[in-house]
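Colleague: My questions all concern the structure below.
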Amino acid sequence: MTEGTLTWACADAREPQDIPRMASALAEKARKRQSVFATREEFAGHLLAARAFERLQPGAAELIAHTTLRPADGGNGYQLCCPTAYEARIFDQLYDSAVAADIQKLRCPTKTARTRVGDHAPGGSRAG
């Protein structure tokens with residue numbers, strides 16, 4: 001890889017023009033993702049069974065479960081902190097932004113921010 005060149009390493013997106021197709025597929029998977037789990041261990045087991053997470057260090061799946069899940073509404077089990085519809089929306093919009101962004105100029109470390117679940121609904125309106 002030469003300086004100033006971005007090479008796509010994803011098997012499903014080898015060229016920049018493949019990004020919209022890949023983003024659409026990721027958004028669809030997010031919409032269908034299981035969002036409630038009986039235990040944190042159940043969620044960690046799903047991670048460990050997924051190819052994308054096969055190289056996690058010992059204890060990482062449990063840490064991800066602890067930070068990704070919250071007690072489910074109604075008190076039965078755990079649910080994803082980020083609703084699947086929000087995650088799908090991120091994928092729907094993310095790659096348009098990524099193509100437009102000059103990531104070569106991004107300073108590291110980079111901070112990200114999030115609001116509490118329920119603070120804002122998609123479209124910027126207040127969730128109720």
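Residue names in the structure tokens use chain letters A, B, ... in the order shown, residue numbers from 1 in each chain, and ligand numbers from 1 in the order shown.
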Write out as a ChimeraX atom specification which residues come within 12 Å of A:Gly59 when counting only C-alpha atoms, dropping same-chain ones fewer than 4 positions away.

Modeller: /A:41,44-45,47-48,55,63-66

Colleague: So which residues touch A:Cys81 within 6 Å, counting only C-alpha atoms, skipping near sequence neighbours fewer than 4 positions away, as a PyMOL selection string?

Modeller: chain A and resi 68-70

Colleague: Select, from A:Ala52, A:Phe37, A:Gln57, A:Ala27, the residue with the minimum atom-to-atom distance to A:Ile90, counting only C-alpha atoms.

Modeller: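 Selected residue with least distance to A:Ile90: A:Ala27.
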
Colleague: If I take atom CA of A:Leu80 and atom CA of A:Asp18, how far is one from the other in Å, to one decimal?

Modeller: 28.7 Å

Colleague: By how many Å are atom CA of A:Tyr86 and atom CA of A:Glu62 apart?

Modeller: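 Computed distance, atom CA of A:Tyr86 to atom CA of A:Glu62, equals 22.9 Å.
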
Colleague: In Å, rounded to a single decimal, give me how far atom CA of A:Cys108 is from atom CA of A:Pro83.

Modeller: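 These two atoms are separated by 28.0 Å.
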
Colleague: Based on the backbone DSSP call, show me all residues of stretch 26-55 of chain A assigned helix (DSSP H, G or I), as a list in words.

Modeller: Leu26, Ala27, Glu28, Lys29, Ala30, Arg31, Lys32, Arg40, Glu41, Glu42, Phe43, Ala44, Gly45, His46, Leu47, Leu48, Ala49, Arg51, Ala52 and Phe53 of chain A

Colleague: Could those selected residues go to a file with C-alpha atoms, as a PDB file, in the first residue's frame?

Modeller:
```pdb
ATOM      1  CA  LEU A  26     -24.611  -4.829   7.026  1.00  0.00           C
ATOM      2  CA  ALA A  27     -27.702  -2.712   7.677  1.00  0.00           C
ATOM      3  CA  GLU A  28     -29.983  -5.619   6.779  1.00  0.00           C
ATOM      4  CA  LYS A  29     -28.059  -7.941   9.109  1.00  0.00           C
ATOM      5  CA  ALA A  30     -28.349  -5.375  11.901  1.00  0.00           C
ATOM      6  CA  ARG A  31     -32.117  -5.131  11.424  1.00  0.00           C
ATOM      7  CA  LYS A  32     -32.402  -8.918  11.836  1.00  0.00           C
ATOM      8  CA  ARG A  40     -24.666 -11.939  29.268  1.00  0.00           C
ATOM      9  CA  GLU A  41     -23.007 -15.317  28.804  1.00  0.00           C
ATOM     10  CA  GLU A  42     -25.472 -16.165  26.022  1.00  0.00           C
ATOM     11  CA  PHE A  43     -24.465 -12.993  24.174  1.00  0.00           C
ATOM     12  CA  ALA A  44     -20.755 -13.715  24.730  1.00  0.00           C
ATOM     13  CA  GLY A  45     -21.322 -17.199  23.279  1.00  0.00           C
ATOM     14  CA  HIS A  46     -22.833 -15.673  20.129  1.00  0.00           C
ATOM     15  CA  LEU A  47     -19.764 -13.471  19.753  1.00  0.00           C
ATOM     16  CA  LEU A  48     -17.366 -16.365  20.167  1.00  0.00           C
ATOM     17  CA  ALA A  49     -19.260 -18.374  17.536  1.00  0.00           C
ATOM     18  CA  ARG A  51     -16.254 -15.559  12.454  1.00  0.00           C
ATOM     19  CA  ALA A  52     -15.760 -11.824  12.876  1.00  0.00           C
ATOM     20  CA  PHE A  53     -14.826 -12.358  16.523  1.00  0.00           C
TER      21      PHE A  53
END
```

Colleague: What's around A:Ala38 at 10 Å? Count only C-alpha atoms, leave out sequence neighbours fewer than 5 positions away in its own chain, and write the answer as an MDAnalysis selection string.

Modeller: chainID A and resid 43 71:72 76:79

Colleague: Given the choices A:Pro58, A:Pro20, A:Gly75, A:Pro109, which gets closest to A:Val36 if the distance is worked out from only C-alpha atoms?

Modeller: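 Counting only C-alpha atoms, the residue closest to A:Val36 is A:Gly75.
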